[in-house]
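As structure tokens, the structure follows; a few thoughts come after it.
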Amino acid sequence: MAVQKPSIPKGTRDFLPTEMARRNYIFDTIREVFRCYGFQPIETPAMENLSTLLGKYGEEGDKLLFRILNSGNFLEGVSSQDLDAGNLPALSARMCEKGLRYDLTVPFARFVVQNQSQLVFPFRRYQIQPVWRADRPQKGRYREFFQCDADVVGSDSLLHEADLIQMVEQVFSRLGIRVVVKINNRKILSGVASLIGAPERVTDITVAIDKLDKIGLEQVNAELRERGLPDAAVVALQPVLALSGSNQEKLACLDALFEHIPDGREGVRELREIFDYLATMQVEVPVELDLTLARGLNYYTGAILEVKALDVAMGSICGGGRYDNLTGIFGLPGISGVGISFGADRIFDVLTQLDAFPRETAQSTRIMFVNFGAEEQRQVLPLLSALRRSGISAELYPEASKIKKQLSYADARHIPLVAMIGADEAASGTVTLKDMQTGTQQSVPVSGLCGLLAAMER
RNA sequence: GUGGAUGUAGCUCAGCUGGUUAGAGCGCCAGAUUGUGGUUCUGGAUGUCGGCGGUUCGAAUCCGCUCUUCCACCCCA
């Protein structure tokens, strides 16, 4: 058989040890903040039934779901008419009953409903796992990536929104990334839609105005008309698009605009409450009311928020919001949830670009023993065991290669200490300890090695 | 899903309007140094030129298809 070139699927990645150290630094930071706010970890399967996933992320989302072909005869139940008709969605529904999860929120809603009897509400959970999207890979966009989610379900309190924003502040200040939090509210968006007399066109309107800072006012208006919005509505929308000033000023303007639109006023009230909490909690991260923030996931009903890095051009590195009835679809209505999702892979890219990772923290092996041969090994092995038992990571070079080669290996692995027990040391019951950083060597009694290393730890 | 760029040694890349034996730096291996790495010096190995097909006397070079990576759009973490 011809050798095949090794490869991995498009948009997926291998992670080397140095990358893992850095990724774990991100995960540990986020996990620690989550824990601090009382969230508990859960995990759910990589694959879910497609019925759980389909229809939750909008039309676009359905297309981006990875589907898993049924095992065995996946053509069972597919007729030749079906095949000829070429109705792909119908065919895939027959041949695939499972899919890879697209995010952690929808599986979580399923989890809550399924395990409700064992949960204490309000339930606070965090979850750090990979998700998959059949998107075309791009900068900061992968087909397999990790999300770090924290959600609270079973509470309407807007304190949670404030909590989440404070968590954003904590995570990014610990990581050393300057960010801005953009916040908006779905109720304001639907208020705007009502205001211009097109309440059922919320999606079209939000998708268009979402691009305001990217393509400019003219283009946005053009796109709105393209999407079939009457001229009168586009004109009516202009005051909203022109909104500027501080958050308070914007909210005051909206209040005036929403005089006869209860939904919109409620959205404004919620935002005021959240801003009030943030001030009281002394949250310092900049939080900016952004009317053009839409967020595609269509299960959001209240606050929506997104975090962008200030010093790096990158899509949002964190997003979330309130969803009032996600568990309703799975048979548990009246449970409100609110959550946030940190994009670990994008955060990794941001830290890389900023060169903001801390200097290599924990090297894996602290001390390596040079291998002088079978006889000398007998002296080393018990010592090695003793070190390991006392929690000091140690290894013995496996072959009696040239010293040069063994030291090169220690050097390449950044092992800070090398111990040598050759014929001379064995005879005198000592070990020659070499500091790889300074190159200095000292002779210490074998019996004292363990204690010495333990002391050096401090 | 649409449009554009890209792929040459382990890595980063050079390689003219097609021409015979495809190069550099770094890394790797060996030696200088038979118990001493990171510096230095000397020597050495390495390629289905992303894959398949076509044009041609001849293809890394031109054409087609395909895959990868990257960029823009759509959308999104």
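To be explicit about the labels: the chains of the structure tokens are called A, B, and onward in the order shown, and within each one the residues are counted from 1, while ligands get numbers from 1 in the order they are shown.
Selected on chain A by distance to chain B: Ile317, Gly343, Leu407, Ser408 and Asp411 of chain A (within 6 Å, counting only C-alpha atoms (C1' of nucleotides)).
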Store the residues picked out above in a file with N, CA, C and O atoms, as a PDB file, in the first residue's frame.
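result16.pdb, written as the output of this step:
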```pdb
ATOM      1  N   ILE A 317     -15.018  37.895  20.629  1.00  0.00           N
ATOM      2  CA  ILE A 317     -14.319  36.816  21.322  1.00  0.00           C
ATOM      3  C   ILE A 317     -15.182  36.243  22.431  1.00  0.00           C
ATOM      4  O   ILE A 317     -14.773  35.334  23.143  1.00  0.00           O
ATOM      5  N   GLY A 343     -15.051  32.430  23.595  1.00  0.00           N
ATOM      6  CA  GLY A 343     -14.462  31.679  22.486  1.00  0.00           C
ATOM      7  C   GLY A 343     -12.977  31.470  22.731  1.00  0.00           C
ATOM      8  O   GLY A 343     -12.154  32.325  22.420  1.00  0.00           O
ATOM      9  N   LEU A 407      22.416  15.369  27.070  1.00  0.00           N
ATOM     10  CA  LEU A 407      22.311  16.753  27.531  1.00  0.00           C
ATOM     11  C   LEU A 407      21.566  17.618  26.516  1.00  0.00           C
ATOM     12  O   LEU A 407      20.813  18.518  26.892  1.00  0.00           O
ATOM     13  N   SER A 408      21.779  17.321  25.245  1.00  0.00           N
ATOM     14  CA  SER A 408      21.045  18.053  24.212  1.00  0.00           C
ATOM     15  C   SER A 408      19.546  17.842  24.367  1.00  0.00           C
ATOM     16  O   SER A 408      18.754  18.769  24.208  1.00  0.00           O
ATOM     17  N   ASP A 411      18.320  19.815  27.200  1.00  0.00           N
ATOM     18  CA  ASP A 411      18.295  21.211  26.799  1.00  0.00           C
ATOM     19  C   ASP A 411      17.059  21.505  25.949  1.00  0.00           C
ATOM     20  O   ASP A 411      16.341  22.474  26.176  1.00  0.00           O
TER      21      ASP A 411
END
```
Secondary structure check, alpha helix (DSSP H) residues of region 110-160 of chain A, as a PyMOL selection string: chain A and resi 110-114+159-160
Computed interatomic separation between C1' of U17 (chain B) and C1' of C57 (chain B) (Å): 18.9 Å
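Between Ile340 (chain A) and the residues A:Ile304, A:Ala21, A:Val285, A:Ala208, the shortest atom-to-atom distance, using only C-alpha atoms, involves A:Ile304.
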Residue nearest Val240 (chain A) among A:Asp290, A:Gln114, A:Asn298, A:Leu158 (counting only C-alpha atoms): A:Asp290
When you count only C-alpha atoms (C1' of nucleotides), which of these residues is closest to A45 (chain B): B:C73, B:A60, B:C11, B:C29?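 Selected residue with least distance to A45 (chain B): B:C29.
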Report the residues of region 260-373 of chain A whose backbone DSSP state falls under strand (DSSP E), written as a PyMOL selection string. chain A and resi 287-289+303-309+318-323+337-343+367-369
